[in-house]
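Peer 1: Got a file for you: coords_23.txt, compact mmCIF, C-alpha atoms.
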# COMPACT_ATOMS: atom_id res chain seq x y z
CA MET I 1 0.00 0.00 0.00
CA ASN I 2 1.30 3.47 -0.94
CA THR I 3 2.01 5.28 2.32
CA ASP I 4 2.47 8.63 0.56
CA LEU I 5 -0.97 8.32 -1.10
CA ILE I 6 -2.64 7.54 2.23
CA SER I 7 -0.88 10.48 3.89
CA LYS I 8 -1.93 12.95 1.18
CA THR I 9 -5.50 11.63 1.10
CA THR I 10 -5.77 11.99 4.87
CA LEU I 11 -4.33 15.49 4.67
CA LEU I 12 -6.83 16.52 1.97
CA CYS I 13 -9.72 15.16 4.03
CA LEU I 14 -8.54 17.09 7.10
CA VAL I 15 -8.14 20.26 5.03
CA ALA I 16 -11.68 19.90 3.65
CA VAL I 17 -13.31 19.09 7.02
CA ILE I 18 -11.52 21.72 9.09
CA SER I 19 -11.97 24.39 6.38
CA ALA I 20 -15.70 23.62 6.16
CA LEU I 21 -15.96 23.79 9.96
CA PHE I 22 -14.12 27.12 10.07
CA LEU I 23 -16.19 28.67 7.25
CA THR I 24 -19.40 27.48 8.90
CA MET I 25 -18.26 29.02 12.18
CA ILE I 26 -17.64 32.46 10.62
CA HIS I 27 -20.36 32.34 7.93
CA GLN I 28 -22.19 35.38 9.37
CA PHE I 29 -19.03 37.46 8.78
CA LEU I 30 -18.18 36.18 5.29
CA MET I 31 -20.10 38.90 3.46
CA ALA I 32 -18.41 41.65 5.50
CA ILE I 33 -15.00 40.05 4.82
CA PHE I 34 -15.77 39.75 1.12
CA MET I 35 -16.90 43.40 0.87
CA ALA I 36 -13.76 44.45 2.74
CA GLY I 37 -11.66 42.60 0.16
CA LEU I 38 -13.67 44.13 -2.69
CA PHE I 39 -13.34 47.73 -1.51
CA SER I 40 -9.70 47.18 -0.57
CA ALA I 41 -8.98 46.07 -4.13
CA LEU I 42 -10.81 49.11 -5.53
CA VAL I 43 -9.01 51.69 -3.36
CA SER I 44 -5.64 49.91 -3.49
CA PRO I 45 -4.12 52.30 -6.11
CA LEU I 46 -5.09 55.30 -3.97
CA HIS I 47 -3.68 53.56 -0.88
CA HIS I 48 -0.35 52.95 -2.64
CA ARG I 49 -0.09 56.63 -3.66
CA LEU I 50 -0.95 57.76 -0.14
CA THR I 51 1.67 55.38 1.30
CA ALA I 52 4.29 56.86 -1.03
CA LYS I 53 3.40 60.40 0.07
CA LEU I 54 3.66 59.31 3.72
CA ARG I 55 7.16 57.90 3.04
CA GLY I 56 6.21 54.25 3.34
CA ARG I 57 4.11 54.47 6.52
CA GLU I 58 1.59 51.88 5.33
CA THR I 59 -0.27 51.51 8.63
CA LEU I 60 -0.95 55.26 8.83
CA ALA I 61 -2.11 55.27 5.20
CA SER I 62 -4.52 52.40 5.95
CA MET I 63 -5.93 54.26 8.96
CA LEU I 64 -6.46 57.41 6.90
CA MET I 65 -8.21 55.42 4.16
CA VAL I 66 -10.61 53.84 6.65
CA VAL I 67 -11.34 57.20 8.30
CA GLY I 68 -11.93 58.71 4.85
CA ILE I 69 -14.44 55.98 3.98
CA VAL I 70 -16.29 56.59 7.25
CA LEU I 71 -16.46 60.36 6.73
CA LEU I 72 -17.13 60.45 2.98
CA VAL I 73 -19.32 57.37 2.51
CA LEU I 74 -20.76 55.79 5.65
CA THR I 75 -21.69 58.96 7.53
CA PRO I 76 -23.70 60.53 4.65
CA LEU I 77 -25.25 57.10 4.01
CA ALA I 78 -26.36 56.84 7.65
CA VAL I 79 -27.95 60.30 7.45
CA LEU I 80 -29.72 59.32 4.22
CA ILE I 81 -31.05 56.08 5.75
CA THR I 82 -32.38 58.02 8.75
CA LEU I 83 -34.24 60.43 6.44
CA VAL I 84 -35.57 57.58 4.29
CA VAL I 85 -36.92 55.66 7.31
CA SER I 86 -38.59 58.74 8.81
CA GLN I 87 -40.20 59.72 5.51
CA ALA I 88 -41.24 56.11 4.80
CA ILE I 89 -43.11 55.99 8.12
CA SER I 90 -44.76 59.33 7.32
CA VAL I 91 -45.74 58.16 3.83
CA GLY I 92 -47.10 54.87 5.19
CA GLN I 93 -49.27 56.67 7.74
CA SER I 94 -50.62 59.28 5.33
CA VAL I 95 -51.21 57.27 2.18
CA THR I 96 -54.41 55.54 3.38
CA PRO I 97 -56.50 58.65 4.19
CA TRP I 98 -55.10 60.42 1.11
CA VAL I 99 -56.15 57.65 -1.28
CA GLN I 100 -59.54 57.24 0.40
CA GLY I 101 -60.15 60.97 0.15
CA PHE I 102 -58.95 60.96 -3.46
CA ILE I 103 -61.47 58.23 -4.32
CA LYS I 104 -64.45 59.68 -2.41
CA GLU I 105 -64.15 63.36 -3.26
CA PRO I 106 -65.39 64.65 -6.64
CA SER I 107 -62.40 65.51 -8.77
CA THR I 108 -61.00 65.35 -12.25
CA LEU I 109 -60.97 61.56 -11.79
CA SER I 110 -64.76 61.49 -11.33
CA ALA I 111 -65.27 63.54 -14.46
CA LEU I 112 -63.07 61.20 -16.45
CA LEU I 113 -64.78 58.09 -15.06
CA GLU I 114 -68.16 59.39 -16.22
CA LYS I 115 -66.86 59.20 -19.78
CA VAL I 116 -65.95 55.52 -19.41
CA PRO I 117 -68.29 53.20 -21.38
CA HIS I 118 -70.92 51.43 -19.21
CA TYR I 119 -70.17 53.80 -16.30
CA GLN I 120 -73.83 53.72 -15.25
CA GLU I 121 -73.64 49.94 -14.86
CA ILE I 122 -70.60 50.30 -12.61
CA LEU I 123 -72.12 53.15 -10.54
CA PRO I 124 -74.21 50.90 -8.20
CA TYR I 125 -71.02 49.14 -7.13
CA ARG I 126 -69.16 52.40 -6.48
CA ASP I 127 -69.31 52.13 -2.66
CA ILE I 128 -68.11 48.52 -2.70
CA ILE I 129 -65.22 49.45 -5.00
CA ILE I 130 -64.27 52.33 -2.69
CA GLN I 131 -64.42 50.03 0.36
CA LYS I 132 -62.25 47.36 -1.27
CA ALA I 133 -59.81 49.99 -2.50
CA GLY I 134 -59.54 51.40 1.01
CA GLU I 135 -58.97 47.93 2.46
CA MET I 136 -56.27 47.26 -0.12
CA VAL I 137 -54.50 50.54 0.62
CA GLY I 138 -54.75 49.86 4.36
CA THR I 139 -53.19 46.44 3.86
CA LEU I 140 -50.37 47.97 1.82
CA SER I 141 -49.78 50.59 4.50
CA THR I 142 -49.64 47.95 7.23
CA PHE I 143 -47.23 45.92 5.14
CA LEU I 144 -45.04 49.00 4.66
CA ILE I 145 -44.92 49.77 8.39
CA ASP I 146 -44.22 46.10 9.25
CA SER I 147 -41.47 46.07 6.65
CA LEU I 148 -39.93 49.12 8.30
CA SER I 149 -39.69 47.18 11.58
CA SER I 150 -37.73 44.49 9.76
CA PHE I 151 -35.69 47.20 8.05
CA THR I 152 -34.72 48.60 11.47
CA LYS I 153 -33.29 45.20 12.43
CA LEU I 154 -31.47 45.02 9.10
CA THR I 155 -30.03 48.48 9.73
CA ILE I 156 -28.60 47.35 13.07
CA ASP I 157 -27.09 44.30 11.38
CA ALA I 158 -25.68 46.54 8.63
CA ILE I 159 -24.00 48.80 11.21
CA PHE I 160 -22.36 45.80 12.88
CA SER I 161 -21.28 44.39 9.49
CA SER I 162 -19.86 47.79 8.50
CA ILE I 163 -17.72 47.87 11.65
CA ILE I 164 -16.41 44.37 10.87
CA MET I 165 -15.81 45.37 7.23
CA LEU I 166 -13.81 48.47 8.19
CA TYR I 167 -11.75 46.53 10.73
CA VAL I 168 -10.92 43.82 8.17
CA MET I 169 -10.33 46.40 5.46
CA PHE I 170 -7.64 48.07 7.57
CA TYR I 171 -5.66 44.82 7.67
CA PHE I 172 -6.34 44.03 4.01
CA LEU I 173 -4.87 47.40 3.01
CA SER I 174 -1.84 46.82 5.23
CA VAL I 175 -1.05 43.15 4.52
CA GLY I 176 -3.46 42.36 1.69
CA ASP I 177 -0.72 41.70 -0.86
CA VAL I 178 0.86 39.05 1.35
CA LEU I 179 -2.50 37.40 2.00
CA LEU I 180 -3.46 37.45 -1.69
CA LYS I 181 -0.16 35.83 -2.71
CA LYS I 182 -0.73 33.12 -0.11
CA ILE I 183 -4.26 32.43 -1.42
CA LEU I 184 -3.05 32.29 -5.02
CA TYR I 185 -0.20 29.98 -4.00
CA PHE I 186 -2.68 27.39 -2.71
CA LEU I 187 -4.79 27.51 -5.89
CA PRO I 188 -3.58 24.81 -8.32
CA MET I 189 -3.80 27.12 -11.35
CA ASP I 190 -1.12 28.74 -13.48
CA ASP I 191 -0.31 32.38 -12.85
CA HIS I 192 -1.79 33.54 -16.19
CA ASN I 193 -5.28 32.22 -15.35
CA GLU I 194 -5.10 33.52 -11.76
CA GLN I 195 -4.23 37.00 -13.01
CA LYS I 196 -7.04 36.78 -15.56
CA LEU I 197 -9.58 36.03 -12.82
CA LEU I 198 -8.25 38.84 -10.63
CA LYS I 199 -8.32 41.32 -13.49
CA ARG I 200 -11.90 40.41 -14.42
CA PHE I 201 -12.97 40.61 -10.75
CA THR I 202 -11.57 44.10 -10.21
CA SER I 203 -12.64 45.48 -13.62
CA VAL I 204 -16.25 44.31 -13.26
CA ALA I 205 -16.43 45.53 -9.65
CA ARG I 206 -15.09 48.93 -10.68
CA ALA I 207 -17.45 49.14 -13.67
CA THR I 208 -20.46 48.09 -11.58
CA ILE I 209 -19.77 50.67 -8.90
CA LYS I 210 -19.06 53.44 -11.40
CA GLY I 211 -21.98 52.56 -13.62
CA THR I 212 -24.82 51.15 -11.55
CA LEU I 213 -24.29 52.98 -8.26
CA ILE I 214 -23.28 56.40 -9.57
CA ILE I 215 -26.05 56.48 -12.19
CA GLY I 216 -28.55 55.16 -9.63
CA VAL I 217 -27.61 57.88 -7.13
CA LEU I 218 -27.84 60.61 -9.77
CA GLN I 219 -31.19 59.39 -11.10
CA GLY I 220 -32.58 59.02 -7.58
CA ALA I 221 -31.38 62.51 -6.64
CA ILE I 222 -32.84 64.15 -9.76
CA CYS I 223 -36.18 62.36 -9.40
CA GLY I 224 -36.28 63.12 -5.66
CA ILE I 225 -35.75 66.83 -6.41
CA ALA I 226 -38.50 66.60 -9.03
CA PHE I 227 -40.88 65.09 -6.47
CA ALA I 228 -40.05 67.85 -3.99
CA LEU I 229 -40.68 70.58 -6.61
CA ALA I 230 -43.94 68.88 -7.62
CA GLY I 231 -45.10 68.94 -3.99
CA ILE I 232 -45.15 65.15 -3.50
CA HIS I 233 -44.78 64.05 0.11
CA GLY I 234 -41.58 62.15 1.09
CA PRO I 235 -39.24 63.09 -1.78
CA VAL I 236 -36.15 61.56 -0.09
CA PHE I 237 -37.99 58.26 0.37
CA TRP I 238 -39.25 58.14 -3.22
CA GLY I 239 -35.87 59.28 -4.56
CA SER I 240 -34.14 56.43 -2.71
CA ILE I 241 -36.65 53.92 -4.06
CA MET I 242 -36.04 55.21 -7.59
CA ALA I 243 -32.27 54.98 -7.10
CA VAL I 244 -32.73 51.25 -6.48
CA MET I 245 -35.27 50.87 -9.32
CA SER I 246 -32.81 52.46 -11.76
CA ILE I 247 -31.01 49.11 -12.10
CA ILE I 248 -33.99 47.63 -13.99
CA PRO I 249 -33.34 48.07 -17.73
CA ALA I 250 -35.83 49.95 -19.95
CA VAL I 251 -38.30 50.69 -17.12
CA GLY I 252 -36.13 51.82 -14.20
CA THR I 253 -37.30 54.89 -12.29
CA ALA I 254 -40.49 55.12 -14.40
CA ILE I 255 -42.00 52.43 -12.15
CA ILE I 256 -42.35 55.16 -9.52
CA TRP I 257 -42.57 58.52 -11.25
CA LEU I 258 -44.95 57.54 -14.08
CA PRO I 259 -47.84 56.56 -11.74
CA ALA I 260 -47.14 59.75 -9.76
CA LEU I 261 -47.33 61.78 -12.99
CA ILE I 262 -50.67 60.14 -13.88
CA ILE I 263 -52.12 60.89 -10.43
CA LEU I 264 -50.99 64.52 -10.67
CA ALA I 265 -52.62 64.77 -14.10
CA LEU I 266 -55.90 63.29 -12.82
CA THR I 267 -55.99 65.74 -9.92
CA GLY I 268 -55.26 68.71 -12.16
CA HIS I 269 -51.73 69.51 -10.90
CA PHE I 270 -50.30 70.15 -14.36
CA THR I 271 -47.28 72.09 -13.07
CA GLY I 272 -46.16 68.97 -11.22
CA VAL I 273 -46.83 66.92 -14.36
CA ALA I 274 -44.51 69.17 -16.36
CA ILE I 275 -41.80 68.99 -13.67
CA LEU I 276 -41.87 65.18 -13.55
CA ALA I 277 -42.00 64.88 -17.34
CA VAL I 278 -38.94 67.11 -17.77
CA LEU I 279 -36.73 66.11 -14.81
CA CYS I 280 -37.68 62.43 -14.43
CA GLY I 281 -38.57 61.60 -18.02
CA ALA I 282 -36.22 63.72 -20.12
CA VAL I 283 -33.24 64.34 -17.81
CA ALA I 284 -33.03 61.28 -15.52
CA GLY I 285 -34.42 58.96 -18.18
CA ASN I 286 -31.61 59.76 -20.62
CA LEU I 287 -28.87 59.88 -17.99
CA ASP I 288 -28.21 56.16 -18.33
CA ASN I 289 -27.68 56.38 -22.10
CA VAL I 290 -25.33 59.36 -21.78
CA LEU I 291 -23.20 58.43 -18.75
CA ARG I 292 -23.04 54.62 -18.72
CA PRO I 293 -20.80 54.28 -21.83
CA ARG I 294 -18.41 56.90 -20.41
CA LEU I 295 -18.33 55.46 -16.87
CA VAL I 296 -18.33 51.76 -17.68
CA GLY I 297 -16.71 51.59 -21.12
CA LYS I 298 -15.66 48.04 -21.98
CA ASP I 299 -14.64 47.09 -18.45
CA THR I 300 -17.39 44.50 -18.06
CA GLU I 301 -16.90 42.81 -21.45
CA MET I 302 -20.29 41.18 -20.92
CA HIS I 303 -23.49 41.08 -22.92
CA ASP I 304 -26.38 43.12 -21.52
CA LEU I 305 -28.33 39.92 -20.76
CA PHE I 306 -25.57 38.67 -18.45
CA ILE I 307 -25.50 42.04 -16.68
CA LEU I 308 -29.32 42.03 -16.35
CA PHE I 309 -29.70 38.49 -15.01
CA GLY I 310 -26.55 38.78 -12.94
CA THR I 311 -27.94 41.90 -11.25
CA LEU I 312 -31.45 40.54 -10.69
CA GLY I 313 -30.15 37.16 -9.55
CA GLY I 314 -27.64 38.84 -7.25
CA ILE I 315 -30.38 40.92 -5.62
CA SER I 316 -32.55 37.84 -5.04
CA MET I 317 -29.61 36.00 -3.43
CA PHE I 318 -27.65 38.75 -1.62
CA GLY I 319 -30.18 41.58 -1.24
CA LEU I 320 -29.10 45.10 -2.20
CA LEU I 321 -25.44 44.03 -2.22
CA GLY I 322 -26.39 41.87 -5.18
CA ILE I 323 -26.30 45.03 -7.32
CA ILE I 324 -22.50 44.75 -7.01
CA LEU I 325 -22.03 41.03 -6.38
CA GLY I 326 -24.36 39.73 -9.11
CA PRO I 327 -22.44 41.11 -12.12
CA ILE I 328 -19.14 40.03 -10.52
CA VAL I 329 -20.36 36.43 -10.20
CA ALA I 330 -21.65 36.55 -13.80
CA ALA I 331 -18.28 37.85 -15.04
CA LEU I 332 -16.36 35.18 -13.11
CA PHE I 333 -18.73 32.56 -14.57
CA ILE I 334 -17.84 33.70 -18.09
CA THR I 335 -14.12 33.93 -17.29
CA ILE I 336 -13.88 30.47 -15.72
CA TRP I 337 -15.50 28.93 -18.80
CA GLU I 338 -13.03 30.80 -21.01
CA ILE I 339 -10.17 29.38 -18.93
CA TYR I 340 -11.77 25.92 -19.20
CA GLY I 341 -11.92 26.29 -22.99
CA GLU I 342 -8.23 27.20 -23.14
CA ALA I 343 -7.11 24.48 -20.72
CA PHE I 344 -8.99 21.66 -22.49
CA LYS I 345 -8.71 23.02 -26.02
CA LYS I 346 -7.03 19.90 -27.41
CA TYR I 347 -9.80 17.68 -26.02
CA LEU I 348 -12.73 19.78 -27.29
CA PRO I 349 -14.07 19.23 -30.82
CA HIS I 350 -13.83 21.86 -33.52
CA VAL I 351 -17.23 23.46 -34.19
CA GLU I 352 -18.26 24.44 -37.69
CA VAL I 353 -20.81 27.15 -38.53
CA VAL I 354 -24.10 26.32 -36.81
CA LEU I 355 -27.31 26.11 -38.89
CA LYS I 356 -25.50 26.82 -42.11
CA LYS I 357 -27.90 27.74 -44.89
CA THR I 358 -28.33 25.46 -47.89
CA PRO I 359 -29.57 26.51 -51.35
CA GLY I 360 -32.92 24.82 -50.67
CA ASP I 361 -33.61 27.05 -47.61
CA ASN I 362 -34.61 30.00 -49.80
CA GLN I 363 -37.10 28.01 -51.88
CA GLY I 364 -40.73 28.24 -50.93
Take the structure from the file and write it as structure tokens.

Peer 2:
Amino acid sequence: MNTDLISKTTLLCLVAVISALFLTMIHQFLMAIFMAGLFSALVSPLHHRLTAKLRGRETLASMLMVVGIVLLVLTPLAVLITLVVSQAISVGQSVTPWVQGFIKEPSTLSALLEKVPHYQEILPYRDIIIQKAGEMVGTLSTFLIDSLSSFTKLTIDAIFSSIIMLYVMFYFLSVGDVLLKKILYFLPMDDHNEQKLLKRFTSVARATIKGTLIIGVLQGAICGIAFALAGIHGPVFWGSIMAVMSIIPAVGTAIIWLPALIILALTGHFTGVAILAVLCGAVAGNLDNVLRPRLVGKDTEMHDLFILFGTLGGISMFGLLGIILGPIVAALFITIWEIYGEAFKKYLPHVEVVLKKTPGDNQG
């Protein structure tokens, strides 16, 4: 019996079991560790320049980077979340009486409904329709307020995860190169493929943050300002919702502002209609087409379908962080199959043109 084979097999089993045990033990921190590695990779060039200016004091440079992230990113984000939660509660409490009053009171809506065919046949059921509409709105309001309670718990978890992320990020910036070399050393892949994976990871992460997040923030801000100018209650809340909705291709922020525009038109607030049409429709709506090619460029090297399903799938699996993580996973999926194709090229068959036309195809 081969003693060396038994020894290596035993070692591999121990590595697998102990690694699985360790990862299970720290699984609640894995996302914070991953995000720390992601942001460390993104700010690494800036960290290197800052270290050079500080004459090689890498620890001090790492501390300044972490403090800068807290002051420039996390603090404004915490203020925004506070405003969003407070306005969401206000919107949830006021939407029910507003909609009920909108339905019951004579308005432009009533005049338009009278022109609907068979309106007289619907008229006897008007009170029942109003009652059911009120019940539906009340249910939605209750759901919104209950969701806010869950959101409060998520916010506390996010604060704790952010602290862990910043703590880990400090060490990644200081000794990240050593740790990365150690990880790559244990991967049984050649250096070319490892560098290819790393390059795709960082390029897609950078493109996703520049493209999706920056455009989302700008569209949400513009639409929120439009809502405030149009006199719609809770503009920060609606602007934040539209910033998230901006990731959905083709529709995006219109999911929110278009119904609002219709309601304003039905109630006769045509100034607000013009404001939403110009700022939300013309300005924010075209922002994606103008800025995305400049911000993203060819960094992703992915088809739009991969970006779409990667983003939506990432959100369903990771929550809001999926906006960043989804496209990264999709890009790594494409890259690993490219590496597979190169590694096993001599074993894979040559593929001719698929569905090649024959002269008989054009005959009727």

Peer 1: Would you please work out which residue, of I:Leu77, I:Ile232, I:His350, I:Leu197, is nearest to I:Leu184 when using all atoms listed in the file?

Peer 2: I:Leu197

Peer 1: So, with all atoms listed in the file as the atoms that count, which of I:Thr271, I:Thr311, I:Thr10, I:Asn289 lies closest to I:Gly231?

Peer 2: I:Thr271

Peer 1: Using atom CA of I:Ile225 and atom CA of I:Ile263 as the two end points, give the distance in Å to one decimal.

Peer 2: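 These atoms are spaced 17.9 Å apart.
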
Peer 1: Could you work out how far atom CA of I:Gly310 lies from atom CA of I:Gly322, giving the answer in Å with one decimal?

Peer 2: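 Taking atom CA of I:Gly322 as the start and atom CA of I:Gly310 as the end point, the length is 8.4 Å.
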
Peer 1: For each of I:Val236, I:Leu213, I:Ile255, I:Ala158, take the minimum atom-to-atom distance to I:Leu74, counting only C-alpha atoms, then give the residue where this is smallest.

Peer 2: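 Using only C-alpha atoms, the shortest distance to I:Leu74 belongs to I:Ala158.
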
Peer 1: Just give me the gap between atom CA of I:Ser7 and atom CA of I:Leu23 in Å, one decimal is fine.

Peer 2: 24.0 Å

Peer 1: Which one of I:Phe39, I:Cys223, I:Leu291, I:Met245 sits closest to I:Ala260 if you count only C-alpha atoms?

Peer 2: I:Cys223

Peer 1: Step by step, gather every atom of stretch 37-42 of chain I that the file lists, find the box along x, y and z that holds them, add 8 Å on each side, and finally give centre and edge lengths in Å to one decimal, as AutoDock Vina command-line options.

Peer 2:
--center_x -11.3 --center_y 45.9 --center_z -2.7 --size_x 20.7 --size_y 22.5 --size_z 21.7

Peer 1: Between I:Leu218, I:Leu38, I:Ala61, I:Val175, which one has atoms that come closest to I:Arg206, using all atoms listed in the file?

Peer 2: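 Comparing I:Leu218, I:Leu38, I:Ala61, I:Val175 against I:Arg206, the winner is I:Leu38.
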
Peer 1: Taking 4 positions as the minimum chain separation for residues in the same chain, which residues sit within 12 Å of I:Ala282 when counting only C-alpha atoms? Answer as number ranges by chain.

Peer 2: I: 219, 222-223, 226, 253-254, 274-278, 286-290

Peer 1: Can you pull out the residues contacting stretch 324-326 of chain I? Cut-off 12 Å, using only C-alpha atoms, and skip same-chain residues under 4 positions away; I want them as a PDB file with C-alpha atoms, keeping the file's coordinate frame.

Peer 2:
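Saved result, selection-v9.pdb, follows:
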ATOM      1  CA  MET I  31     -20.100  38.900   3.460  1.00  0.00           C
ATOM      2  CA  PHE I  34     -15.770  39.750   1.120  1.00  0.00           C
ATOM      3  CA  MET I  35     -16.900  43.400   0.870  1.00  0.00           C
ATOM      4  CA  LEU I  38     -13.670  44.130  -2.690  1.00  0.00           C
ATOM      5  CA  PHE I  39     -13.340  47.730  -1.510  1.00  0.00           C
ATOM      6  CA  PHE I 201     -12.970  40.610 -10.750  1.00  0.00           C
ATOM      7  CA  THR I 202     -11.570  44.100 -10.210  1.00  0.00           C
ATOM      8  CA  SER I 203     -12.640  45.480 -13.620  1.00  0.00           C
ATOM      9  CA  VAL I 204     -16.250  44.310 -13.260  1.00  0.00           C
ATOM     10  CA  ALA I 205     -16.430  45.530  -9.650  1.00  0.00           C
ATOM     11  CA  ARG I 206     -15.090  48.930 -10.680  1.00  0.00           C
ATOM     12  CA  ALA I 207     -17.450  49.140 -13.670  1.00  0.00           C
ATOM     13  CA  THR I 208     -20.460  48.090 -11.580  1.00  0.00           C
ATOM     14  CA  ILE I 209     -19.770  50.670  -8.900  1.00  0.00           C
ATOM     15  CA  LYS I 210     -19.060  53.440 -11.400  1.00  0.00           C
ATOM     16  CA  GLY I 211     -21.980  52.560 -13.620  1.00  0.00           C
ATOM     17  CA  THR I 212     -24.820  51.150 -11.550  1.00  0.00           C
ATOM     18  CA  LEU I 213     -24.290  52.980  -8.260  1.00  0.00           C
ATOM     19  CA  ILE I 214     -23.280  56.400  -9.570  1.00  0.00           C
ATOM     20  CA  ILE I 247     -31.010  49.110 -12.100  1.00  0.00           C
ATOM     21  CA  PHE I 306     -25.570  38.670 -18.450  1.00  0.00           C
ATOM     22  CA  ILE I 307     -25.500  42.040 -16.680  1.00  0.00           C
ATOM     23  CA  LEU I 308     -29.320  42.030 -16.350  1.00  0.00           C
ATOM     24  CA  PHE I 309     -29.700  38.490 -15.010  1.00  0.00           C
ATOM     25  CA  GLY I 310     -26.550  38.780 -12.940  1.00  0.00           C
ATOM     26  CA  THR I 311     -27.940  41.900 -11.250  1.00  0.00           C
ATOM     27  CA  LEU I 312     -31.450  40.540 -10.690  1.00  0.00           C
ATOM     28  CA  GLY I 313     -30.150  37.160  -9.550  1.00  0.00           C
ATOM     29  CA  GLY I 314     -27.640  38.840  -7.250  1.00  0.00           C
ATOM     30  CA  ILE I 315     -30.380  40.920  -5.620  1.00  0.00           C
ATOM     31  CA  SER I 316     -32.550  37.840  -5.040  1.00  0.00           C
ATOM     32  CA  MET I 317     -29.610  36.000  -3.430  1.00  0.00           C
ATOM     33  CA  PHE I 318     -27.650  38.750  -1.620  1.00  0.00           C
ATOM     34  CA  GLY I 319     -30.180  41.580  -1.240  1.00  0.00           C
ATOM     35  CA  LEU I 320     -29.100  45.100  -2.200  1.00  0.00           C
ATOM     36  CA  ALA I 330     -21.650  36.550 -13.800  1.00  0.00           C
ATOM     37  CA  ALA I 331     -18.280  37.850 -15.040  1.00  0.00           C
ATOM     38  CA  LEU I 332     -16.360  35.180 -13.110  1.00  0.00           C
ATOM     39  CA  PHE I 333     -18.730  32.560 -14.570  1.00  0.00           C
TER      40      PHE I 333
END

Peer 1: For I:Gly176, which residue out of I:Val43, I:Leu321, I:Val351, I:Leu5 is the nearest one, using all atoms listed in the file?

Peer 2: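 With all atoms listed in the file as the atom set, the closest residue is I:Val43.
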
Peer 1: Reconstruct N, CA and C atoms of stretch 253-264 of chain I; output as a short mmCIF file (atom, residue, chain, number, x, y, z; two decimals), in the coordinates of the input.

Peer 2:
data_model
loop_
_atom_site.label_atom_id
_atom_site.label_comp_id
_atom_site.auth_asym_id
_atom_site.auth_seq_id
_atom_site.Cartn_x
_atom_site.Cartn_y
_atom_site.Cartn_z
N THR I 253 -36.63 53.96 -13.20
CA THR I 253 -37.30 54.89 -12.29
C THR I 253 -38.74 55.16 -12.69
N ALA I 254 -39.12 54.87 -13.93
CA ALA I 254 -40.49 55.12 -14.40
C ALA I 254 -41.51 54.31 -13.63
N ILE I 255 -41.09 53.22 -12.99
CA ILE I 255 -42.00 52.43 -12.15
C ILE I 255 -42.62 53.30 -11.07
N ILE I 256 -41.88 54.30 -10.60
CA ILE I 256 -42.35 55.16 -9.52
C ILE I 256 -42.92 56.48 -10.05
N TRP I 257 -42.14 57.17 -10.91
CA TRP I 257 -42.57 58.52 -11.25
C TRP I 257 -43.71 58.56 -12.27
N LEU I 258 -43.86 57.53 -13.10
CA LEU I 258 -44.95 57.54 -14.08
C LEU I 258 -46.32 57.46 -13.42
N PRO I 259 -46.56 56.53 -12.45
CA PRO I 259 -47.84 56.56 -11.74
C PRO I 259 -48.08 57.88 -11.01
N ALA I 260 -47.00 58.46 -10.43
CA ALA I 260 -47.14 59.75 -9.76
C ALA I 260 -47.56 60.83 -10.76
N LEU I 261 -46.96 60.81 -11.95
CA LEU I 261 -47.33 61.78 -12.99
C LEU I 261 -48.79 61.62 -13.38
N ILE I 262 -49.27 60.39 -13.51
CA ILE I 262 -50.67 60.14 -13.88
C ILE I 262 -51.61 60.67 -12.80
N ILE I 263 -51.27 60.41 -11.53
CA ILE I 263 -52.12 60.89 -10.43
C ILE I 263 -52.17 62.42 -10.40
N LEU I 264 -51.01 63.06 -10.62
CA LEU I 264 -50.99 64.52 -10.67
C LEU I 264 -51.85 65.04 -11.82
#
